[in-house]
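Trainee: Dropping the structure in here first, questions after.
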Protein chains: 2
Amino acid sequence: MAGSRETVQAREVLVPPPAEPGMFSRVSVGRISEIIVDQIRLLMRQGQLKPGDRLPPERDLCERFGVSRVTVREALRMLESSGLVEIRVGARGGAFVTAPSSDRVGEGLADLLTLSVISAADVTEVRMILEVGIVPLVCERATEQDIADLEEICERSEAALRAGGYSMDFSLEFHIRVAQATHNPAVVMLVESFRGPILMSLQQAQEAAPEMGGLGTREHERFIEAVRRRDPDAATQIMREHLERTAHRLGR
Amino acid sequence: MAGSRETVQAREVLVPPPAEPGMFSRVSVGRISEIIVDQIRLLMRQGQLKPGDRLPPERDLCERFGVSRVTVREALRMLESSGLVEIRVGARGGAFVTAPSSDRVGEGLADLLTLSVISAADVTEVRMILEVGIVPLVCERATEQDIADLEEICERSEAALRAGGYSMDFSLEFHIRVAQATHNPAVVMLVESFRGPILMSLQQAQEAAPEMGGLGTREHERFIEAVRRRDPDAATQIMREHLERTAHRLGR
DNA sequence: CGTGATGATTGGCCCAACCATAATGCCTCA
DNA sequence: TGAGGCATTATGGTTGGGCCAATCATCACG
């Protein structure tokens, strides 16, 4: 009944026929919900939809797009699952545009890991390349603030070590903060995307050799020293050894 | 009416209370569709659902999970959007478990890159780190087949150059094939994820200096030579210069 | 022996409700 | 006047039923 007719009308509105309006226009261009997803993505890319913005309520979007609520909801579900919006229920709820985050990429990576397409050793190798490779950038660009933050992490780490409450989270935090010292957002995102996998491999390493926390922290401090001296070769060397020690315990 | 009661029942069936059955069990665990997603994910992780397998039709899943079709469809939408299943319509259609691929991760990365403040220079910097960093691995692990494939790409590239039909696609293909020679799927995934951004920056480079195609191809050949000699230092040097030339034209 | 009609399977989309959750504001009672 | 509680409202979540569209298998007909 009305359902189908509305559908066709909606498609014509959303994707205008390429030529000969009304004649031979493709009647099916895939899923309507995907068209909606594309439209919203486009708005985000063009900056008309910024992080924090709230999309209109589902019922409004239905009217605007001329489709049913189910379709809009499927579109929102896809956007949400792509990490582009966050959906909250209740009054003043709705779909909020999220700030781009590396979490989603990390999830995808974690999927690949758990589905055993890639191994922990593979991830460690990438870590080595990335984290060793960025060291020269760090030496070149680290600010006083960067260095101070890194030292602060080390201090907290040592305190926790003495209190017996050390965990590999400190190491993770350290390495991510190092990446931030490159002042290259792409590098930061990449390293953060590997947060989950990194954490997994760090925990494996800790199980294999729990006493290594102290040694790791001392190496972190030596690394900071080298960065402060703006000595990329020494810093690279320290970072490489530090990571190789971890990698070695994971075996290849 | 029945709706709500069935819902609660379904939740109890799907997520058994952790302890004290019936007492203090959480009354709401979020969306039903997410529970379904988790269940199916779990089956995939446990290997009971392998790539290529077909999930039961939507209407069957409704019965099994005791939920409505819309709910099942939203779950499938999320799985699809995470790249875990592929949905085909028509008789013998349905939701098929997809072979895990890095494409989805790449899409997420691409979103991250296009939706945030990342410049071409940032991307180029990451490229440098990655593609220079993998060279030792390539020298160590490249097989005869890898080298032969790389040479074949160079030959096609030269032919196109002579015929005037050269495009930066050849360069892209070459660099991705190099990554594959590491035989580390995580590396391949990462480099492939940068395919889009890489292509962008390569095209910018070509516009800035269109005559460089020939020089690039010659450098590719020198690189292959070094790999064949298993000379990581020379190969690294060549790759670094090769990329730096590109980076330089983009300016920093 | 094609070959085209027909039916069956399955996803895509719609509708009209109703439920659940959360913020808001009013309203009563101390 | 203040504070707790109750109704209101806005919004997403879920249901059941239904029709349409795409695709594949089958079978009768030429």
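Chain labels A, B, ... are given in the sequence in which chains occur in the structure tokens; within each chain residues are numbered consecutively from 1, and ligands are likewise numbered from 1 in the order shown.
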May I ask you to extract the residues of chain D within 10 Å of chain B, using only C-alpha atoms (C1' of nucleotides), and to give them as a short mmCIF file (atom, residue, chain, number, x, y, z; two decimals) with N, CA and C atoms (P, O5', C5', C4', C3', O3' and C1' of nucleotides), in the first residue's frame?
Mentor:
```cif
data_model
loop_
_atom_site.label_atom_id
_atom_site.label_comp_id
_atom_site.auth_asym_id
_atom_site.auth_seq_id
_atom_site.Cartn_x
_atom_site.Cartn_y
_atom_site.Cartn_z
P DG D 13 17.64 3.80 21.18
"O5'" DG D 13 16.39 3.02 21.76
"C5'" DG D 13 16.44 2.53 23.10
"C4'" DG D 13 15.51 1.36 23.28
"C3'" DG D 13 15.67 0.25 22.24
"O3'" DG D 13 15.61 -1.02 22.91
"C1'" DG D 13 13.44 1.00 22.24
P DT D 14 15.72 -2.36 22.13
"O5'" DT D 14 14.22 -2.77 21.85
"C5'" DT D 14 13.34 -3.03 22.94
"C4'" DT D 14 11.99 -3.46 22.42
"C3'" DT D 14 12.03 -4.47 21.27
"O3'" DT D 14 11.55 -5.72 21.73
"C1'" DT D 14 10.39 -2.76 20.91
P DT D 15 11.37 -6.93 20.71
"O5'" DT D 15 9.83 -6.79 20.35
"C5'" DT D 15 8.89 -6.48 21.38
"C4'" DT D 15 7.51 -6.35 20.80
"C3'" DT D 15 7.17 -7.36 19.72
"O3'" DT D 15 6.08 -8.16 20.12
"C1'" DT D 15 6.54 -5.15 19.07
P DG D 16 5.92 -9.63 19.54
"O5'" DG D 16 4.82 -9.43 18.41
"C5'" DG D 16 3.58 -8.83 18.76
"C4'" DG D 16 2.83 -8.46 17.51
"C3'" DG D 16 2.81 -9.56 16.43
"O3'" DG D 16 1.46 -9.82 16.09
"C1'" DG D 16 3.48 -7.47 15.50
P DA D 21 7.61 -2.97 -5.37
"O5'" DA D 21 8.98 -3.73 -5.09
"C5'" DA D 21 9.96 -3.11 -4.26
"C4'" DA D 21 11.26 -3.88 -4.33
"C3'" DA D 21 11.65 -4.38 -5.72
"O3'" DA D 21 13.06 -4.31 -5.80
"C1'" DA D 21 11.40 -6.22 -4.28
P DA D 22 13.79 -4.54 -7.19
"O5'" DA D 22 14.68 -5.80 -6.87
"C5'" DA D 22 15.59 -5.73 -5.79
"C4'" DA D 22 16.09 -7.12 -5.46
"C3'" DA D 22 16.64 -7.90 -6.65
"O3'" DA D 22 17.86 -8.47 -6.24
"C1'" DA D 22 15.04 -9.20 -5.55
P DT D 23 18.93 -8.91 -7.35
"O5'" DT D 23 18.89 -10.50 -7.25
"C5'" DT D 23 19.02 -11.09 -5.97
"C4'" DT D 23 18.40 -12.45 -5.96
"C3'" DT D 23 18.82 -13.37 -7.11
"O3'" DT D 23 19.67 -14.33 -6.55
"C1'" DT D 23 16.55 -13.65 -6.49
P DC D 24 20.61 -15.22 -7.49
"O5'" DC D 24 19.98 -16.67 -7.30
"C5'" DC D 24 19.66 -17.11 -5.99
"C4'" DC D 24 18.61 -18.20 -6.05
"C3'" DC D 24 18.88 -19.28 -7.10
"O3'" DC D 24 18.90 -20.54 -6.46
"C1'" DC D 24 16.63 -18.53 -7.20
P DA D 25 19.39 -21.83 -7.28
"O5'" DA D 25 18.07 -22.70 -7.32
"C5'" DA D 25 17.33 -22.89 -6.12
"C4'" DA D 25 16.02 -23.60 -6.43
"C3'" DA D 25 16.14 -24.76 -7.40
"O3'" DA D 25 15.37 -25.85 -6.94
"C1'" DA D 25 14.60 -23.18 -8.26
#
```
Trainee: At a cut-off of 12 Å, using only C-alpha atoms (C1' of nucleotides), what residues contact Ala186 of chain B? Leave out same-chain residues fewer than 2 positions from it and give the result as a PDB file with N, CA and C atoms, in the first residue's frame.
Mentor:
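Okay, part34.pdb is ready:
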```
ATOM      1  N   GLY A 108      38.100  -2.282  15.890  1.00  0.00           N
ATOM      2  CA  GLY A 108      38.278  -3.062  14.669  1.00  0.00           C
ATOM      3  C   GLY A 108      39.548  -3.888  14.737  1.00  0.00           C
ATOM      4  N   LEU A 109      40.597  -3.277  15.222  1.00  0.00           N
ATOM      5  CA  LEU A 109      41.857  -3.995  15.374  1.00  0.00           C
ATOM      6  C   LEU A 109      41.688  -5.174  16.324  1.00  0.00           C
ATOM      7  N   ALA A 110      40.994  -4.901  17.426  1.00  0.00           N
ATOM      8  CA  ALA A 110      40.797  -5.964  18.404  1.00  0.00           C
ATOM      9  C   ALA A 110      40.030  -7.124  17.783  1.00  0.00           C
ATOM     10  N   LEU A 112      40.108  -8.025  14.662  1.00  0.00           N
ATOM     11  CA  LEU A 112      41.046  -8.759  13.818  1.00  0.00           C
ATOM     12  C   LEU A 112      41.961  -9.628  14.676  1.00  0.00           C
ATOM     13  N   LEU A 113      42.335  -9.089  15.837  1.00  0.00           N
ATOM     14  CA  LEU A 113      43.209  -9.852  16.727  1.00  0.00           C
ATOM     15  C   LEU A 113      42.510 -11.095  17.254  1.00  0.00           C
ATOM     16  N   SER A 116      41.933 -13.927  15.208  1.00  0.00           N
ATOM     17  CA  SER A 116      43.193 -14.601  14.935  1.00  0.00           C
ATOM     18  C   SER A 116      43.678 -14.420  13.516  1.00  0.00           C
ATOM     19  N   VAL A 117      43.392 -13.262  12.964  1.00  0.00           N
ATOM     20  CA  VAL A 117      43.979 -12.955  11.667  1.00  0.00           C
ATOM     21  C   VAL A 117      45.397 -12.451  11.873  1.00  0.00           C
ATOM     22  N   ILE A 118      45.574 -11.704  12.953  1.00  0.00           N
ATOM     23  CA  ILE A 118      46.913 -11.241  13.252  1.00  0.00           C
ATOM     24  C   ILE A 118      47.275 -11.661  14.673  1.00  0.00           C
ATOM     25  N   SER A 119      48.530 -11.850  14.902  1.00  0.00           N
ATOM     26  CA  SER A 119      48.967 -12.352  16.200  1.00  0.00           C
ATOM     27  C   SER A 119      49.547 -11.225  17.049  1.00  0.00           C
ATOM     28  N   ALA A 120      49.731 -11.527  18.319  1.00  0.00           N
ATOM     29  CA  ALA A 120      50.326 -10.539  19.204  1.00  0.00           C
ATOM     30  C   ALA A 120      51.726 -10.167  18.723  1.00  0.00           C
ATOM     31  N   ALA A 121      52.421 -11.131  18.170  1.00  0.00           N
ATOM     32  CA  ALA A 121      53.767 -10.849  17.673  1.00  0.00           C
ATOM     33  C   ALA A 121      53.715  -9.845  16.523  1.00  0.00           C
ATOM     34  N   ASP A 122      52.710  -9.995  15.661  1.00  0.00           N
ATOM     35  CA  ASP A 122      52.560  -9.040  14.565  1.00  0.00           C
ATOM     36  C   ASP A 122      52.378  -7.640  15.119  1.00  0.00           C
ATOM     37  N   VAL A 123      51.494  -7.534  16.100  1.00  0.00           N
ATOM     38  CA  VAL A 123      51.217  -6.221  16.666  1.00  0.00           C
ATOM     39  C   VAL A 123      52.476  -5.639  17.301  1.00  0.00           C
ATOM     40  N   THR A 124      53.198  -6.479  17.994  1.00  0.00           N
ATOM     41  CA  THR A 124      54.415  -5.987  18.631  1.00  0.00           C
ATOM     42  C   THR A 124      55.390  -5.449  17.599  1.00  0.00           C
ATOM     43  N   GLU A 125      55.444  -6.118  16.483  1.00  0.00           N
ATOM     44  CA  GLU A 125      56.351  -5.670  15.433  1.00  0.00           C
ATOM     45  C   GLU A 125      55.959  -4.275  14.954  1.00  0.00           C
ATOM     46  N   VAL A 126      54.666  -4.087  14.742  1.00  0.00           N
ATOM     47  CA  VAL A 126      54.200  -2.770  14.315  1.00  0.00           C
ATOM     48  C   VAL A 126      54.516  -1.728  15.375  1.00  0.00           C
ATOM     49  N   ARG A 127      54.285  -2.105  16.600  1.00  0.00           N
ATOM     50  CA  ARG A 127      54.605  -1.191  17.696  1.00  0.00           C
ATOM     51  C   ARG A 127      56.056  -0.753  17.613  1.00  0.00           C
ATOM     52  N   ILE A 129      58.074  -0.658  15.087  1.00  0.00           N
ATOM     53  CA  ILE A 129      58.327   0.250  13.970  1.00  0.00           C
ATOM     54  C   ILE A 129      57.817   1.639  14.284  1.00  0.00           C
ATOM     55  N   PHE A 194      46.140   1.450  18.688  1.00  0.00           N
ATOM     56  CA  PHE A 194      46.766   0.204  19.091  1.00  0.00           C
ATOM     57  C   PHE A 194      46.718   0.024  20.600  1.00  0.00           C
ATOM     58  N   PRO A 197      45.190  -3.564  21.668  1.00  0.00           N
ATOM     59  CA  PRO A 197      46.183  -4.605  21.384  1.00  0.00           C
ATOM     60  C   PRO A 197      47.454  -4.443  22.197  1.00  0.00           C
TER      61      PRO A 197
ATOM     62  N   SER B 101      38.665  -8.752   7.463  1.00  0.00           N
ATOM     63  CA  SER B 101      39.491  -7.985   6.542  1.00  0.00           C
ATOM     64  C   SER B 101      39.854  -6.667   7.181  1.00  0.00           C
ATOM     65  N   SER B 102      40.883  -6.085   6.672  1.00  0.00           N
ATOM     66  CA  SER B 102      41.338  -4.831   7.257  1.00  0.00           C
ATOM     67  C   SER B 102      40.590  -3.648   6.669  1.00  0.00           C
ATOM     68  N   VAL B 105      38.720  -1.529   9.210  1.00  0.00           N
ATOM     69  CA  VAL B 105      39.642  -0.750  10.024  1.00  0.00           C
ATOM     70  C   VAL B 105      40.153   0.433   9.217  1.00  0.00           C
ATOM     71  N   GLY B 106      40.424   0.173   7.959  1.00  0.00           N
ATOM     72  CA  GLY B 106      40.889   1.245   7.096  1.00  0.00           C
ATOM     73  C   GLY B 106      39.859   2.344   6.965  1.00  0.00           C
ATOM     74  N   LEU B 130      56.407   4.573   8.823  1.00  0.00           N
ATOM     75  CA  LEU B 130      55.978   3.207   8.551  1.00  0.00           C
ATOM     76  C   LEU B 130      56.806   2.569   7.438  1.00  0.00           C
ATOM     77  N   ILE B 134      59.623  -0.479   7.867  1.00  0.00           N
ATOM     78  CA  ILE B 134      59.403  -1.876   7.479  1.00  0.00           C
ATOM     79  C   ILE B 134      60.499  -2.415   6.572  1.00  0.00           C
ATOM     80  N   ALA B 179      54.824  -3.509   1.330  1.00  0.00           N
ATOM     81  CA  ALA B 179      54.345  -3.811   2.681  1.00  0.00           C
ATOM     82  C   ALA B 179      53.987  -5.284   2.802  1.00  0.00           C
ATOM     83  N   GLN B 180      53.399  -5.835   1.751  1.00  0.00           N
ATOM     84  CA  GLN B 180      53.013  -7.241   1.810  1.00  0.00           C
ATOM     85  C   GLN B 180      54.225  -8.147   1.959  1.00  0.00           C
ATOM     86  N   THR B 182      56.498  -7.856   3.922  1.00  0.00           N
ATOM     87  CA  THR B 182      56.896  -8.056   5.315  1.00  0.00           C
ATOM     88  C   THR B 182      56.279  -9.339   5.866  1.00  0.00           C
ATOM     89  N   HIS B 183      55.243  -9.818   5.210  1.00  0.00           N
ATOM     90  CA  HIS B 183      54.515 -11.000   5.677  1.00  0.00           C
ATOM     91  C   HIS B 183      53.996 -10.799   7.093  1.00  0.00           C
ATOM     92  N   ASN B 184      53.692  -9.561   7.408  1.00  0.00           N
ATOM     93  CA  ASN B 184      53.062  -9.247   8.687  1.00  0.00           C
ATOM     94  C   ASN B 184      51.713  -8.599   8.373  1.00  0.00           C
ATOM     95  N   VAL B 188      50.528  -4.845   6.772  1.00  0.00           N
ATOM     96  CA  VAL B 188      49.799  -4.706   5.519  1.00  0.00           C
ATOM     97  C   VAL B 188      48.517  -3.905   5.749  1.00  0.00           C
ATOM     98  N   MET B 189      47.835  -4.274   6.808  1.00  0.00           N
ATOM     99  CA  MET B 189      46.583  -3.592   7.097  1.00  0.00           C
ATOM    100  C   MET B 189      46.792  -2.102   7.278  1.00  0.00           C
ATOM    101  N   LEU B 190      47.806  -1.771   8.036  1.00  0.00           N
ATOM    102  CA  LEU B 190      48.064  -0.365   8.316  1.00  0.00           C
ATOM    103  C   LEU B 190      48.373   0.394   7.034  1.00  0.00           C
ATOM    104  N   VAL B 191      49.249  -0.145   6.243  1.00  0.00           N
ATOM    105  CA  VAL B 191      49.632   0.548   5.018  1.00  0.00           C
ATOM    106  C   VAL B 191      48.440   0.645   4.077  1.00  0.00           C
ATOM    107  N   GLU B 192      47.645  -0.424   4.021  1.00  0.00           N
ATOM    108  CA  GLU B 192      46.461  -0.367   3.157  1.00  0.00           C
ATOM    109  C   GLU B 192      45.456   0.651   3.672  1.00  0.00           C
ATOM    110  N   SER B 193      45.388   0.774   4.977  1.00  0.00           N
ATOM    111  CA  SER B 193      44.461   1.740   5.540  1.00  0.00           C
ATOM    112  C   SER B 193      44.819   3.149   5.094  1.00  0.00           C
TER     113      SER B 193
END
```
Trainee: Chain B superposed on chain A over all ordered C-alpha pairs, least squares: can you write that as a short mmCIF file (atom, residue, chain, number, x, y, z; two decimals) with C-alpha atoms, in the first residue's frame?
Mentor:
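Ended up saving to selection.cif:
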```cif
data_model
loop_
_atom_site.label_atom_id
_atom_site.label_comp_id
_atom_site.auth_asym_id
_atom_site.auth_seq_id
_atom_site.Cartn_x
_atom_site.Cartn_y
_atom_site.Cartn_z
CA MET B 1 -0.50 0.26 -0.31
CA ALA B 2 0.88 3.72 0.29
CA GLY B 3 4.14 2.29 1.57
CA SER B 4 5.73 1.46 -1.73
CA ARG B 5 4.62 4.58 -3.48
CA GLU B 6 6.00 6.79 -0.77
CA THR B 7 9.24 4.88 -0.91
CA VAL B 8 9.80 5.55 -4.56
CA GLN B 9 8.89 9.14 -4.11
CA ALA B 10 11.33 9.50 -1.28
CA ARG B 11 14.14 8.07 -3.38
CA GLU B 12 13.48 10.47 -6.16
CA VAL B 13 13.53 13.36 -3.75
CA LEU B 14 16.66 12.20 -1.99
CA VAL B 15 18.77 11.27 -4.97
CA PRO B 16 17.89 13.32 -8.02
CA PRO B 17 18.30 11.47 -11.30
CA PRO B 18 21.67 12.27 -12.88
CA ALA B 19 20.24 13.11 -16.29
CA GLU B 20 17.13 12.75 -18.40
CA PRO B 21 14.77 13.08 -15.49
CA GLY B 22 12.37 10.22 -15.49
CA MET B 23 14.24 8.22 -18.10
CA PHE B 24 16.60 5.41 -17.27
CA SER B 25 17.12 6.73 -13.79
CA ARG B 26 18.22 3.88 -11.60
CA VAL B 27 15.21 2.44 -9.95
CA SER B 28 17.05 1.06 -6.96
CA VAL B 29 20.02 2.58 -5.23
CA GLY B 30 20.19 0.18 -2.34
CA ARG B 31 18.82 0.80 1.07
CA ILE B 32 16.99 3.97 1.96
CA SER B 33 18.66 4.02 5.34
CA GLU B 34 22.01 4.18 3.59
CA ILE B 35 20.93 7.18 1.60
CA ILE B 36 20.03 8.88 4.84
CA VAL B 37 23.37 7.96 6.31
CA ASP B 38 25.11 9.46 3.31
CA GLN B 39 23.11 12.65 3.57
CA ILE B 40 23.95 13.12 7.20
CA ARG B 41 27.59 12.25 6.59
CA LEU B 42 27.66 14.85 3.88
CA LEU B 43 26.25 17.48 6.21
CA MET B 44 28.95 16.64 8.70
CA ARG B 45 31.64 16.78 6.07
CA GLN B 46 30.40 20.15 4.92
CA GLY B 47 30.49 21.43 8.44
CA GLN B 48 26.78 22.10 8.61
CA LEU B 49 26.65 19.53 11.39
CA LYS B 50 29.32 20.07 13.98
CA PRO B 51 30.31 17.96 16.96
CA GLY B 52 27.88 18.53 19.79
CA ASP B 53 25.01 19.41 17.51
CA ARG B 54 21.80 17.55 18.04
CA LEU B 55 19.97 15.98 15.14
CA PRO B 56 16.21 16.40 15.04
CA PRO B 57 14.21 13.74 16.89
CA GLU B 58 13.54 10.52 15.05
CA ARG B 59 9.94 11.45 14.43
CA ASP B 60 10.98 14.72 12.85
CA LEU B 61 13.52 13.03 10.62
CA CYS B 62 10.81 10.66 9.47
CA GLU B 63 8.77 13.55 8.19
CA ARG B 64 11.70 15.36 6.60
CA PHE B 65 12.96 12.30 4.75
CA GLY B 66 9.48 11.01 4.06
CA VAL B 67 10.26 7.58 5.45
CA SER B 68 9.15 5.52 8.36
CA ARG B 69 10.66 5.61 11.77
CA VAL B 70 12.27 2.20 11.54
CA THR B 71 14.22 3.35 8.52
CA VAL B 72 15.47 6.43 10.29
CA ARG B 73 16.39 4.35 13.29
CA GLU B 74 18.44 1.97 11.17
CA ALA B 75 20.28 4.92 9.69
CA LEU B 76 21.01 6.27 13.14
CA ARG B 77 22.15 2.83 14.22
CA MET B 78 24.68 2.79 11.40
CA LEU B 79 25.91 6.27 12.15
CA GLU B 80 26.24 5.36 15.79
CA SER B 81 28.09 2.19 15.01
CA SER B 82 30.49 4.21 12.85
CA GLY B 83 31.14 6.47 15.80
CA LEU B 84 29.66 9.52 14.12
CA VAL B 85 26.76 10.12 16.48
CA GLU B 86 25.92 9.26 20.03
CA ILE B 87 22.35 8.51 21.01
CA ARG B 88 20.84 9.44 24.34
CA VAL B 89 17.37 8.58 25.55
CA GLY B 90 14.90 10.62 27.51
CA ALA B 91 13.66 14.16 27.15
CA ARG B 92 16.31 16.39 25.55
CA GLY B 93 17.89 13.23 24.29
CA GLY B 94 18.43 12.35 20.68
CA ALA B 95 21.30 11.84 18.31
CA PHE B 96 24.30 14.06 19.01
CA VAL B 97 27.14 14.48 16.58
CA THR B 98 30.26 13.22 18.31
CA ALA B 99 33.66 14.78 18.13
CA PRO B 100 35.60 12.59 15.73
CA SER B 101 37.72 10.21 17.69
CA SER B 102 40.11 7.45 16.96
CA ASP B 103 38.33 5.07 19.28
CA ARG B 104 36.17 3.59 16.56
CA VAL B 105 39.12 3.06 14.33
CA GLY B 106 40.82 1.40 17.24
CA GLU B 107 37.86 -0.90 17.73
CA GLY B 108 38.00 -1.88 14.10
CA LEU B 109 41.67 -2.62 14.47
CA ALA B 110 41.03 -4.63 17.58
CA ASP B 111 38.43 -6.69 15.72
CA LEU B 112 40.92 -7.24 12.99
CA LEU B 113 43.50 -8.38 15.47
CA THR B 114 41.29 -10.64 17.55
CA LEU B 115 39.37 -12.16 14.65
CA SER B 116 42.28 -13.07 12.52
CA VAL B 117 45.46 -14.96 12.72
CA ILE B 118 47.63 -12.37 14.37
CA SER B 119 49.96 -13.44 17.13
CA ALA B 120 51.34 -11.47 20.00
CA ALA B 121 54.70 -11.61 18.28
CA ASP B 122 53.23 -9.94 15.21
CA VAL B 123 51.81 -7.17 17.33
CA THR B 124 55.06 -6.68 19.14
CA GLU B 125 56.84 -6.36 15.84
CA VAL B 126 54.48 -3.62 14.74
CA ARG B 127 54.92 -1.92 18.08
CA MET B 128 58.66 -1.94 17.60
CA ILE B 129 58.42 -0.37 14.19
CA LEU B 130 55.95 2.28 15.27
CA GLU B 131 57.35 3.22 18.62
CA VAL B 132 60.94 3.21 17.52
CA GLY B 133 60.07 5.07 14.35
CA ILE B 134 58.39 7.94 16.14
CA VAL B 135 61.30 8.66 18.43
CA PRO B 136 62.99 11.17 16.10
CA LEU B 137 59.72 13.05 15.82
CA VAL B 138 59.41 13.07 19.57
CA CYS B 139 62.92 14.43 20.01
CA GLU B 140 62.18 17.14 17.51
CA ARG B 141 58.78 18.24 18.74
CA ALA B 142 58.39 17.38 22.41
CA THR B 143 57.45 20.44 24.44
CA GLU B 144 58.40 21.17 28.02
CA GLN B 145 54.93 20.08 29.00
CA ASP B 146 55.34 16.76 27.22
CA ILE B 147 58.58 16.07 29.04
CA ALA B 148 57.15 17.14 32.37
CA ASP B 149 54.18 14.83 31.90
CA LEU B 150 56.43 11.91 31.06
CA GLU B 151 58.47 12.54 34.18
CA GLU B 152 55.35 12.71 36.27
CA ILE B 153 54.32 9.31 34.97
CA CYS B 154 57.72 7.92 35.90
CA GLU B 155 57.45 9.32 39.39
CA ARG B 156 54.05 7.81 39.95
CA SER B 157 55.36 4.58 38.54
CA GLU B 158 58.27 4.51 40.96
CA ALA B 159 56.04 5.33 43.88
CA ALA B 160 53.77 2.47 42.97
CA LEU B 161 56.78 0.25 42.59
CA ARG B 162 57.94 1.04 46.11
CA ALA B 163 54.42 0.54 47.42
CA GLY B 164 54.22 -2.78 45.63
CA GLY B 165 51.25 -1.65 43.57
CA TYR B 166 52.98 -1.47 40.25
CA SER B 167 51.11 -2.57 37.21
CA MET B 168 51.81 -2.60 33.52
CA ASP B 169 49.24 0.17 33.11
CA PHE B 170 52.02 2.63 33.89
CA SER B 171 54.11 1.35 31.05
CA LEU B 172 51.16 1.57 28.72
CA GLU B 173 50.44 5.11 29.83
CA PHE B 174 54.04 6.07 29.28
CA HIS B 175 54.19 4.73 25.78
CA ILE B 176 50.96 6.41 24.78
CA ARG B 177 52.10 9.70 26.23
CA VAL B 178 55.29 9.39 24.21
CA ALA B 179 53.21 9.00 21.08
CA GLN B 180 51.29 12.13 21.94
CA ALA B 181 54.55 14.02 22.05
CA THR B 182 54.83 13.58 18.29
CA HIS B 183 51.93 16.02 17.96
CA ASN B 184 50.73 13.96 15.04
CA PRO B 185 47.14 12.84 15.61
CA ALA B 186 47.47 9.95 13.18
CA VAL B 187 50.37 8.55 15.15
CA VAL B 188 48.49 8.95 18.39
CA MET B 189 45.49 7.22 16.95
CA LEU B 190 47.52 4.30 15.73
CA VAL B 191 49.33 3.78 18.99
CA GLU B 192 46.11 4.12 20.95
CA SER B 193 44.47 1.62 18.67
CA PHE B 194 47.06 -0.84 19.79
CA ARG B 195 46.24 -0.14 23.40
CA GLY B 196 44.32 -3.39 23.81
CA PRO B 197 46.83 -5.62 22.06
CA ILE B 198 49.69 -3.80 23.74
CA LEU B 199 48.18 -4.36 27.14
CA MET B 200 47.82 -8.03 26.38
CA SER B 201 51.41 -8.43 25.40
CA LEU B 202 52.62 -6.33 28.32
CA GLN B 203 50.76 -8.51 30.75
CA GLN B 204 52.20 -11.62 29.21
CA ALA B 205 55.61 -10.07 29.60
CA GLN B 206 54.96 -9.26 33.23
CA GLU B 207 53.88 -12.79 33.97
CA ALA B 208 57.02 -14.08 32.32
CA ALA B 209 59.29 -11.78 34.34
CA PRO B 210 57.53 -9.88 37.10
CA GLU B 211 60.71 -8.32 38.44
CA MET B 212 61.22 -6.28 35.31
CA GLY B 213 58.99 -3.37 36.33
CA GLY B 214 61.86 -1.51 37.96
CA LEU B 215 64.18 -1.98 35.03
CA GLY B 216 61.50 -0.78 32.65
CA THR B 217 60.94 2.37 34.66
CA ARG B 218 64.66 3.13 34.74
CA GLU B 219 64.81 2.78 30.99
CA HIS B 220 61.87 5.13 30.69
CA GLU B 221 63.83 7.70 32.64
CA ARG B 222 66.89 7.31 30.51
CA PHE B 223 64.68 7.77 27.50
CA ILE B 224 63.30 11.04 28.82
CA GLU B 225 66.85 12.24 29.43
CA ALA B 226 67.77 11.58 25.83
CA VAL B 227 64.69 13.40 24.60
CA ARG B 228 65.53 16.36 26.75
CA ARG B 229 68.99 16.46 25.18
CA ARG B 230 67.27 16.27 21.77
CA ASP B 231 69.43 13.29 20.97
CA PRO B 232 67.40 11.16 18.59
CA ASP B 233 70.07 8.50 18.10
CA ALA B 234 70.46 7.81 21.78
CA ALA B 235 66.72 7.94 22.39
CA THR B 236 66.06 5.59 19.52
CA GLN B 237 68.68 3.21 20.82
CA ILE B 238 67.18 3.20 24.31
CA MET B 239 63.66 2.69 23.04
CA ARG B 240 64.75 -0.10 20.76
CA GLU B 241 66.52 -1.97 23.52
CA HIS B 242 63.64 -1.37 25.87
CA LEU B 243 61.15 -2.86 23.43
CA GLU B 244 63.45 -5.63 22.38
CA ARG B 245 63.72 -6.78 25.94
CA THR B 246 59.94 -7.11 26.03
CA ALA B 247 59.81 -8.76 22.67
CA HIS B 248 62.47 -11.22 23.62
CA ARG B 249 60.51 -12.46 26.56
CA LEU B 250 57.53 -13.13 24.30
CA GLY B 251 59.71 -15.23 22.06
CA ARG B 252 59.44 -15.34 18.33
#
```
Trainee: Could you work out which residues of chain C fall inside 6 Å of chain A? Count only C-alpha atoms (C1' of nucleotides), and format the result as an MDAnalysis selection string.
Mentor: chainID C and resid 14 21:23
Trainee: Please run DSSP on the backbone and report, as a PyMOL selection string, all residues within segment 15-251 of chain B that come out as strand (DSSP E or B).
Mentor: chain B and resi 54+85-88+94-97
Trainee: With only C-alpha atoms (C1' of nucleotides) as the basis for distance, which of D:DG12, D:DG4, D:DG30, D:DG18 is at the shortest distance from DA16 of chain C?
Mentor: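 Ranked by minimum distance to DA16 of chain C, first place goes to D:DG18.
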Trainee: DSSP says helix (DSSP H, G or I) for which residues of segment 76-144 of chain A? Put them as a PyMOL selection string?
Mentor: chain A and resi 76-81+103-114+120-133+135-141+144
Trainee: Just give me the gap between atom C1' of DC27 of chain C and atom C1' of DA10 of chain D in Å, one decimal is fine.
Mentor: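 These two atoms are separated by 21.1 Å.
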Trainee: Excluding same-chain residues fewer than 4 positions from DG5 of chain D, what lies within 12 Å of it counting only C-alpha atoms (C1' of nucleotides), as a VMD selection string?
Mentor: chain C and resid 26 to 29
